[in-house]
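The file run.txt contains compact mmCIF, C-alpha atoms:
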```txt
# COMPACT_ATOMS: atom_id res chain seq x y z
CA MET A 1 1.06 22.73 5.48
CA ALA A 2 0.75 20.53 2.43
CA GLU A 3 0.59 21.89 -1.09
CA THR A 4 -2.15 20.09 -3.02
CA HIS A 5 -1.91 19.36 -6.74
CA THR A 6 -3.43 17.30 -9.51
CA LEU A 7 -1.59 15.69 -12.39
CA LYS A 8 -3.25 14.65 -15.65
CA THR A 9 -2.01 11.25 -16.81
CA PRO A 10 -2.74 9.36 -20.04
CA ASP A 11 -5.60 7.48 -18.36
CA GLY A 12 -6.79 9.69 -15.52
CA THR A 13 -5.88 12.29 -12.90
CA LEU A 14 -3.67 11.89 -9.84
CA TYR A 15 -4.21 13.92 -6.69
CA TYR A 16 -1.05 14.48 -4.67
CA GLU A 17 0.34 16.52 -1.80
CA VAL A 18 3.83 17.90 -1.20
CA ARG A 19 5.28 18.91 2.17
CA GLY A 20 8.64 20.17 3.38
CA SER A 21 11.99 20.33 1.63
CA GLY A 22 15.11 18.23 1.34
CA PRO A 23 15.68 14.69 0.07
CA ALA A 24 12.43 13.30 -1.31
CA VAL A 25 10.40 10.42 0.08
CA VAL A 26 7.12 9.12 -1.32
CA LEU A 27 4.51 7.52 0.96
CA THR A 28 2.07 5.30 -0.90
CA GLY A 29 -0.78 2.94 -0.10
CA ALA A 30 -3.32 0.88 -2.02
CA PRO A 31 -6.23 1.16 -1.82
CA MET A 32 -5.56 3.63 1.02
CA ASP A 33 -5.52 7.29 0.04
CA ALA A 34 -3.22 10.05 1.30
CA GLY A 35 -5.21 10.76 4.47
CA PRO A 36 -3.82 8.10 6.85
CA PHE A 37 -0.25 9.17 6.00
CA GLU A 38 -0.89 12.80 7.00
CA ALA A 39 0.61 12.72 10.52
CA LEU A 40 3.66 10.74 9.40
CA ALA A 41 4.16 13.07 6.43
CA ASP A 42 4.07 16.14 8.70
CA LEU A 43 6.74 14.63 10.95
CA LEU A 44 9.04 13.71 8.06
CA ALA A 45 8.57 17.09 6.36
CA THR A 46 10.84 18.76 8.91
CA GLU A 47 13.83 17.35 7.00
CA ARG A 48 12.46 15.94 3.74
CA THR A 49 10.28 16.66 0.77
CA VAL A 50 7.34 14.32 1.38
CA ILE A 51 4.98 13.29 -1.43
CA THR A 52 1.67 11.58 -0.67
CA HIS A 53 -1.18 10.83 -3.06
CA ASP A 54 -4.46 9.06 -3.70
CA PRO A 55 -3.70 6.01 -5.87
CA ARG A 56 -5.33 5.63 -9.25
CA GLY A 57 -9.10 5.30 -9.13
CA ILE A 58 -9.28 6.03 -5.40
CA GLY A 59 -10.60 9.17 -3.73
CA ARG A 60 -9.53 12.28 -5.60
CA SER A 61 -7.67 10.38 -8.37
CA PRO A 62 -10.37 9.44 -10.90
CA LEU A 63 -9.69 7.29 -13.94
CA ASP A 64 -11.01 8.09 -17.40
CA ASP A 65 -12.22 4.48 -17.58
CA PRO A 66 -13.65 3.46 -14.18
CA ALA A 67 -13.58 -0.19 -15.26
CA GLN A 68 -9.80 -0.24 -15.70
CA ASP A 69 -8.02 -2.60 -13.31
CA SER A 70 -5.37 -1.25 -10.95
CA THR A 71 -2.13 -3.22 -11.09
CA PRO A 72 1.13 -2.76 -9.18
CA GLU A 73 2.85 -1.99 -12.48
CA LEU A 74 0.45 0.83 -13.39
CA ARG A 75 0.67 2.25 -9.89
CA ALA A 76 4.48 2.11 -10.12
CA ASP A 77 4.33 4.14 -13.32
CA ASP A 78 2.19 6.68 -11.48
CA LEU A 79 4.89 7.10 -8.82
CA VAL A 80 7.43 8.01 -11.47
CA ALA A 81 4.96 10.44 -13.03
CA LEU A 82 4.64 12.12 -9.63
CA LEU A 83 8.42 12.37 -9.28
CA ASP A 84 8.61 13.99 -12.71
CA ALA A 85 5.82 16.43 -11.81
CA VAL A 86 7.60 17.49 -8.61
CA GLY A 87 10.96 17.69 -10.41
CA VAL A 88 12.62 14.93 -8.43
CA GLU A 89 15.03 12.56 -10.15
CA ARG A 90 15.41 10.09 -7.28
CA ALA A 91 13.45 9.47 -4.10
CA ASP A 92 13.14 7.05 -1.22
CA LEU A 93 9.86 5.19 -1.01
CA LEU A 94 7.62 3.78 1.73
CA GLY A 95 4.67 1.67 0.69
CA SER A 96 2.24 -0.06 2.99
CA SER A 97 -0.06 -3.01 2.26
CA GLY A 98 -1.00 -2.86 -1.43
CA GLY A 99 1.25 0.18 -1.67
CA ALA A 100 4.16 -2.01 -0.57
CA VAL A 101 3.48 -4.23 -3.58
CA THR A 102 3.53 -1.07 -5.71
CA THR A 103 6.99 -0.22 -4.39
CA LEU A 104 8.37 -3.62 -5.36
CA ALA A 105 7.06 -3.20 -8.90
CA ALA A 106 8.59 0.29 -8.98
CA ALA A 107 11.99 -1.05 -7.93
CA THR A 108 12.20 -3.40 -10.89
CA ARG A 109 10.18 -1.39 -13.43
CA HIS A 110 11.99 1.90 -12.88
CA PRO A 111 15.48 1.08 -11.63
CA GLY A 112 17.50 4.11 -10.73
CA ARG A 113 14.56 6.32 -9.72
CA PHE A 114 14.43 5.09 -6.13
CA GLY A 115 17.04 4.87 -3.39
CA THR A 116 15.77 2.96 -0.35
CA ILE A 117 12.43 1.21 -0.72
CA VAL A 118 10.55 0.17 2.42
CA ALA A 119 7.86 -2.41 1.66
CA HIS A 120 5.69 -2.44 4.81
CA GLU A 121 3.58 -5.60 5.06
CA PRO A 122 3.02 -6.40 1.36
CA PRO A 123 0.21 -8.97 0.84
CA LEU A 124 2.22 -11.15 -1.55
CA LEU A 125 0.06 -14.26 -1.32
CA GLU A 126 1.86 -16.02 -4.16
CA LEU A 127 4.99 -16.36 -1.97
CA LEU A 128 3.18 -18.52 0.58
CA PRO A 129 3.24 -22.33 0.60
CA ASP A 130 -0.58 -22.29 0.60
CA ALA A 131 -0.76 -19.86 -2.32
CA VAL A 132 -3.38 -21.94 -4.15
CA GLU A 133 -5.69 -21.87 -1.14
CA GLN A 134 -5.08 -18.15 -0.62
CA ARG A 135 -5.86 -17.46 -4.25
CA ALA A 136 -9.15 -19.31 -3.87
CA SER A 137 -9.95 -17.33 -0.71
CA THR A 138 -9.33 -14.07 -2.56
CA GLU A 139 -11.63 -15.13 -5.38
CA GLU A 140 -14.32 -15.98 -2.85
CA ILE A 141 -13.98 -12.56 -1.22
CA ILE A 142 -14.41 -10.92 -4.63
CA ALA A 143 -17.39 -13.14 -5.36
CA THR A 144 -18.87 -12.22 -1.98
CA TYR A 145 -18.62 -8.54 -2.90
CA HIS A 146 -20.46 -9.04 -6.19
CA ARG A 147 -23.05 -11.32 -4.60
CA ASP A 148 -23.63 -9.85 -1.13
CA GLY A 149 -22.19 -6.34 -1.16
CA ILE A 150 -19.54 -4.27 0.56
CA MET A 151 -20.15 -5.11 4.20
CA ALA A 152 -20.14 -8.88 3.66
CA ALA A 153 -17.00 -8.63 1.52
CA PHE A 154 -15.15 -6.55 4.11
CA GLY A 155 -16.11 -9.06 6.79
CA ALA A 156 -14.76 -11.95 4.73
CA PHE A 157 -11.62 -9.97 3.89
CA MET A 158 -10.92 -9.13 7.55
CA VAL A 159 -11.35 -12.73 8.65
CA ASN A 160 -9.03 -14.06 5.94
CA ALA A 161 -6.44 -11.35 6.69
CA GLY A 162 -6.43 -12.26 10.38
CA PHE A 163 -7.89 -9.05 11.82
CA PRO A 164 -9.92 -9.46 15.02
CA LEU A 165 -13.66 -9.06 14.74
CA PRO A 166 -15.41 -6.59 17.08
CA GLU A 167 -16.31 -9.21 19.68
CA GLU A 168 -12.66 -10.30 19.84
CA GLY A 169 -11.14 -6.86 20.35
CA GLU A 170 -11.26 -3.23 19.46
CA GLY A 171 -9.03 -0.86 17.56
CA GLU A 172 -6.99 -1.29 14.40
CA GLY A 173 -8.20 -3.93 12.02
CA GLN A 174 -11.65 -4.52 13.48
CA ALA A 175 -14.49 -5.25 11.09
CA PRO A 176 -16.15 -2.27 9.41
CA PRO A 177 -19.06 -0.58 11.21
CA GLU A 178 -22.56 -1.84 10.57
CA GLN A 179 -23.80 1.35 8.88
CA GLU A 180 -23.61 1.46 5.12
CA PRO A 181 -20.64 3.41 3.69
CA GLY A 182 -21.08 6.75 1.95
CA GLU A 183 -20.81 7.40 -1.77
CA GLN A 184 -17.01 7.84 -1.87
CA GLU A 185 -16.41 4.91 0.47
CA SER A 186 -18.63 2.75 -1.72
CA ALA A 187 -16.78 3.81 -4.86
CA ASP A 188 -13.39 3.10 -3.27
CA ALA A 189 -14.59 -0.27 -2.00
CA HIS A 190 -15.80 -1.16 -5.49
CA ARG A 191 -12.38 -0.27 -6.90
CA PHE A 192 -10.69 -2.43 -4.28
CA PHE A 193 -12.79 -5.56 -4.62
CA ALA A 194 -13.61 -5.41 -8.32
CA HIS A 195 -10.45 -3.93 -9.80
CA GLU A 196 -7.50 -4.04 -7.40
CA LEU A 197 -7.45 -6.88 -4.87
CA ARG A 198 -6.78 -9.68 -7.37
CA GLY A 199 -3.96 -7.91 -9.21
CA THR A 200 -2.24 -6.84 -6.00
CA THR A 201 -2.29 -10.19 -4.22
CA ARG A 202 -1.28 -12.14 -7.33
CA HIS A 203 1.80 -10.01 -7.99
CA VAL A 204 4.99 -12.08 -8.00
CA PRO A 205 8.03 -9.90 -7.32
CA ASP A 206 11.19 -10.43 -9.31
CA VAL A 207 13.33 -11.37 -6.33
CA GLU A 208 16.57 -11.59 -8.30
CA ALA A 209 16.06 -8.12 -9.76
CA LEU A 210 15.19 -6.74 -6.33
CA ARG A 211 18.38 -8.22 -4.85
CA ASP A 212 20.62 -7.08 -7.69
CA GLY A 213 19.02 -3.76 -8.61
CA PRO A 214 20.19 -0.28 -7.63
CA ALA A 215 17.47 0.25 -5.02
CA ARG A 216 17.96 -0.98 -1.47
CA VAL A 217 14.85 -2.98 -0.50
CA VAL A 218 13.78 -3.13 3.15
CA VAL A 219 10.91 -5.30 4.38
CA GLY A 220 8.90 -3.61 7.13
CA LEU A 221 6.73 -5.48 9.61
CA GLY A 222 4.57 -4.32 12.52
CA VAL A 223 5.46 -5.63 15.99
CA GLU A 224 1.73 -6.24 16.60
CA SER A 225 1.04 -8.03 13.29
CA ALA A 226 1.95 -11.57 14.31
CA MET A 227 -1.63 -12.79 13.82
CA LEU A 228 -1.99 -11.27 10.37
CA LEU A 229 -1.59 -12.83 6.95
CA THR A 230 0.78 -10.00 6.07
CA ASP A 231 3.16 -11.16 8.79
CA ARG A 232 3.56 -14.40 6.83
CA THR A 233 3.91 -12.67 3.46
CA SER A 234 6.40 -10.11 4.78
CA ARG A 235 8.58 -12.79 6.31
CA ALA A 236 8.38 -14.84 3.10
CA LEU A 237 9.60 -11.85 1.10
CA ALA A 238 12.40 -11.13 3.58
CA LYS A 239 13.53 -14.75 3.42
CA ALA A 240 13.52 -14.71 -0.38
CA LEU A 241 15.62 -11.54 -0.36
CA GLY A 242 17.99 -12.91 2.29
CA VAL A 243 17.29 -10.09 4.76
CA GLU A 244 15.68 -9.69 8.17
CA PRO A 245 12.47 -7.67 8.38
CA VAL A 246 12.70 -4.30 10.11
CA MET A 247 10.19 -4.07 12.94
CA PHE A 248 7.98 -0.97 13.10
CA PRO A 249 5.65 0.11 15.92
CA GLY A 250 2.05 -1.03 15.86
CA GLY A 251 0.43 -3.35 13.40
CA HIS A 252 -0.68 -3.10 9.79
CA GLY A 253 -1.55 0.58 10.24
CA GLY A 254 1.27 1.50 12.59
CA PHE A 255 2.15 4.64 10.61
CA GLU A 256 -1.30 6.02 11.55
CA ASP A 257 -1.62 4.63 15.08
CA ASP A 258 1.89 5.67 16.20
CA PRO A 259 3.22 8.10 13.59
CA ARG A 260 5.96 9.45 15.84
CA GLY A 261 7.36 6.03 16.69
CA PHE A 262 6.98 4.93 13.07
CA ALA A 263 8.84 8.04 11.89
CA GLU A 264 11.73 7.33 14.26
CA VAL A 265 12.24 3.86 12.82
CA LEU A 266 11.79 5.08 9.25
CA ARG A 267 14.37 7.81 9.73
CA ARG A 268 16.91 5.22 10.90
CA VAL A 269 16.13 2.99 7.93
CA LEU A 270 16.48 5.83 5.44
CA SER A 271 19.63 7.35 6.93
```

When written as structure tokens, how does the structure in this file appear?
Amino acid sequence: MAETHTLKTPDGTLYYEVRGSGPAVVLTGAPMDAGPFEALADLLATERTVITHDPRGIGRSPLDDPAQDSTPELRADDLVALLDAVGVERADLLGSSGGAVTTLAAATRHPGRFGTIVAHEPPLLELLPDAVEQRASTEEIIATYHRDGIMAAFGAFMVNAGFPLPEEGEGEGQAPPEQEPGEQESADAHRFFAHELRGTTRHVPDVEALRDGPARVVVGLGVESAMLLTDRTSRALAKALGVEPVMFPGGHGGFEDDPRGFAEVLRRVLS
């Protein structure tokens, strides 16, 4: 059973959950909230203190200024604030998607606070040879949101990211349902498209600092993600760091689709 907490920060409030006991590990996403990590967190809590949270401006973590952009650097600072609140000096860290970009910022911004960092499928578009084209595609997705709304923007995002559309397959990564999202889903989508997507995908990691810093950086990649843009970005990061990516079960959301298999690989990586 998770203990739920809130933490007041200088610019908002962070909702977070704590499970288990033992060496600490933080599970973080962006814009994903704590919910999809629940099954994985329960499995890891048998031997670890597991911290999950809603990132700034998402779900139960409101910002004082809703117009404030969410950057990997600010989200990295939030992770350290959570460690301080829980009374943990040093933790391991798993981030997925935008949360993986957060972890890379944390490794260089707060050296010494993290042991092993697993960056699972970070969308680091600036590392790609077609970065200029990808940047333009991201700007068009954002423009689509402002012009045509959430559903059109999600459709454009899914296509650019390489996820199959409904007529091509079912399951993880398919386009959003046709019904309009609820109030919270709409608010979270607005945060993502208007205040988070650009800053996350334009982040350029300090590769030299990641290689030479005290944290051990592992690049995670789903075995079913070969068609995704994040397969390319993950492999580009691994190549820059001079390491091989560690393969995890499933695709971009493997921690949710196969939490037990994902936990087995993560345990080996963190041991």

- Message: Just want the 9 Å neighbourhood of Leu79 in chain A, counted on all atoms listed in the file, with same-chain residues fewer than 4 positions away dropped. Output as a PyMOL selection string.
- Response: chain A and resi 26+28+74-75+83-84+102-103+106

- Item | Proximity to Ala100 in chain A - best of A:Val118, A:Thr6, A:Ala226, A:Ala136, only C-alpha atoms | A:Val118

- Task: Could you please give me, as number ranges by chain, the residues of protein, DNA or RNA lying at most 9 Å from (12.3, 15.6, 4.1) in the coordinate frame of the file, considering all atoms listed in the file?
- Result: A: 19-25, 41, 43-50

Output file for the residues above (C-alpha atoms, as a tab-separated table (two decimals), keeping the file's coordinate frame):
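Printed below is part02.tsv as written:
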```tsv
chain	number	residue	atom	x	y	z
A	19	ARG	CA	5.28	18.91	2.17
A	20	GLY	CA	8.64	20.17	3.38
A	21	SER	CA	11.99	20.33	1.63
A	22	GLY	CA	15.11	18.23	1.34
A	23	PRO	CA	15.68	14.69	0.07
A	24	ALA	CA	12.43	13.30	-1.31
A	25	VAL	CA	10.40	10.42	0.08
A	41	ALA	CA	4.16	13.07	6.43
A	43	LEU	CA	6.74	14.63	10.95
A	44	LEU	CA	9.04	13.71	8.06
A	45	ALA	CA	8.57	17.09	6.36
A	46	THR	CA	10.84	18.76	8.91
A	47	GLU	CA	13.83	17.35	7.00
A	48	ARG	CA	12.46	15.94	3.74
A	49	THR	CA	10.28	16.66	0.77
A	50	VAL	CA	7.34	14.32	1.38
```

- CA of Gly213 in chain A to CA of Ala105 in chain A: how many Å, to one decimal?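 Going from CA of Gly213 in chain A over to CA of Ala105 in chain A covers 12.0 Å.
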
- Item | Selected residue of minimal separation from Val204 in chain A among A:Gly12, A:Gly182, A:Pro55, A:Pro123, counting all atoms listed in the file |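 Residue with the minimum atom-to-atom distance to Val204 in chain A: A:Pro123.
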
Go through range 107-127 of chain A and flag each residue having an atom no more than 6 Å from range 86-97 of chain A; for those, report the closest pair of atoms plus their distance in Å to one decimal, using all atoms listed in the file, ordered by chain and rising number, as a tab-separated table.
```
residue	atom	partner	partner_atom	distance
A:Arg113	CA	A:Arg90	CA	4.6
A:Phe114	CA	A:Ala91	CA	4.9
A:Gly115	CA	A:Asp92	CA	5.0
A:Thr116	CA	A:Asp92	CA	4.9
A:Ile117	CA	A:Leu93	CA	4.7
A:Val118	CA	A:Leu94	CA	4.7
A:Ala119	CA	A:Gly95	CA	5.3
A:His120	CA	A:Ser96	CA	4.6
A:Glu121	CA	A:Ser97	CA	5.3
A:Pro122	CA	A:Ser97	CA	4.7
```

Show me, as a short mmCIF file (atom, residue, chain, number, x, y, z; two decimals) with C-alpha atoms, keeping the file's coordinate frame, the residues that have an atom within 12 Å of Phe193 in chain A when counting only C-alpha atoms, minus same-chain residues fewer than 4 positions from it.
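Below you can see around35.cif, which holds the result:
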```cif
data_model
loop_
_atom_site.label_atom_id
_atom_site.label_comp_id
_atom_site.auth_asym_id
_atom_site.auth_seq_id
_atom_site.Cartn_x
_atom_site.Cartn_y
_atom_site.Cartn_z
CA ALA A 30 -3.32 0.88 -2.02
CA PRO A 31 -6.23 1.16 -1.82
CA ALA A 67 -13.58 -0.19 -15.26
CA ASP A 69 -8.02 -2.60 -13.31
CA SER A 70 -5.37 -1.25 -10.95
CA THR A 138 -9.33 -14.07 -2.56
CA GLU A 139 -11.63 -15.13 -5.38
CA GLU A 140 -14.32 -15.98 -2.85
CA ILE A 141 -13.98 -12.56 -1.22
CA ILE A 142 -14.41 -10.92 -4.63
CA ALA A 143 -17.39 -13.14 -5.36
CA THR A 144 -18.87 -12.22 -1.98
CA TYR A 145 -18.62 -8.54 -2.90
CA HIS A 146 -20.46 -9.04 -6.19
CA ARG A 147 -23.05 -11.32 -4.60
CA GLY A 149 -22.19 -6.34 -1.16
CA ILE A 150 -19.54 -4.27 0.56
CA MET A 151 -20.15 -5.11 4.20
CA ALA A 152 -20.14 -8.88 3.66
CA ALA A 153 -17.00 -8.63 1.52
CA PHE A 154 -15.15 -6.55 4.11
CA ALA A 156 -14.76 -11.95 4.73
CA PHE A 157 -11.62 -9.97 3.89
CA SER A 186 -18.63 2.75 -1.72
CA ALA A 187 -16.78 3.81 -4.86
CA ASP A 188 -13.39 3.10 -3.27
CA ALA A 189 -14.59 -0.27 -2.00
CA LEU A 197 -7.45 -6.88 -4.87
CA ARG A 198 -6.78 -9.68 -7.37
CA GLY A 199 -3.96 -7.91 -9.21
CA THR A 200 -2.24 -6.84 -6.00
CA THR A 201 -2.29 -10.19 -4.22
#
```

Extending 3 Å beyond the listed atoms of range 129-144 of chain A on each side, what axis-aligned box results? I want centre and edge lengths in Å to one decimal, as JSON.
```
{"center_x": -7.8, "center_y": -16.6, "center_z": -2.4, "size_x": 28.1, "size_y": 17.4, "size_z": 12.0}
```

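CA of Glu183 in chain A sits 16.5 Å away from CA of Asp54 in chain A.
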
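Minimum atom-to-atom distance to Glu126 in chain A, evaluated using only C-alpha atoms, belongs to A:Arg202 out of A:Arg202, A:Gly242, A:Gly59, A:Asp77.
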
- Task: Can you work out the spacing between CA of Tyr16 in chain A and CA of Thr52 in chain A in Å, to one decimal?
- Result: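 Computing the Euclidean distance for CA of Tyr16 in chain A and CA of Thr52 in chain A yields 5.6 Å.
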
- Note on the structure: The residue from A:Gly29, A:Pro10, A:Gly57, A:Pro62 with the smallest atom-to-atom distance to His190 in chain A, counting all atoms listed in the file, is A:Gly57

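The residue set within 9 Å of Leu63 in chain A, counting all atoms listed in the file and dropping same-chain residues fewer than 2 places from it, reads Asp11, Gly12, Thr13, Leu14, Arg56, Gly57, Ile58, Ser61, Asp65, Pro66, Ala67 and Gln68 of chain A.
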
Those residues with C-alpha atoms, as a compact mmCIF listing (two decimals), in the frame of the given file please?
```txt
# COMPACT_ATOMS: atom_id res chain seq x y z
CA ASP A 11 -5.60 7.48 -18.36
CA GLY A 12 -6.79 9.69 -15.52
CA THR A 13 -5.88 12.29 -12.90
CA LEU A 14 -3.67 11.89 -9.84
CA ARG A 56 -5.33 5.63 -9.25
CA GLY A 57 -9.10 5.30 -9.13
CA ILE A 58 -9.28 6.03 -5.40
CA SER A 61 -7.67 10.38 -8.37
CA ASP A 65 -12.22 4.48 -17.58
CA PRO A 66 -13.65 3.46 -14.18
CA ALA A 67 -13.58 -0.19 -15.26
CA GLN A 68 -9.80 -0.24 -15.70
```

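Among the candidate residues A:Arg191, A:His203, A:Leu40, A:Arg60, the one lying nearest to Pro72 in chain A is A:His203, with distances computed using all atoms listed in the file.
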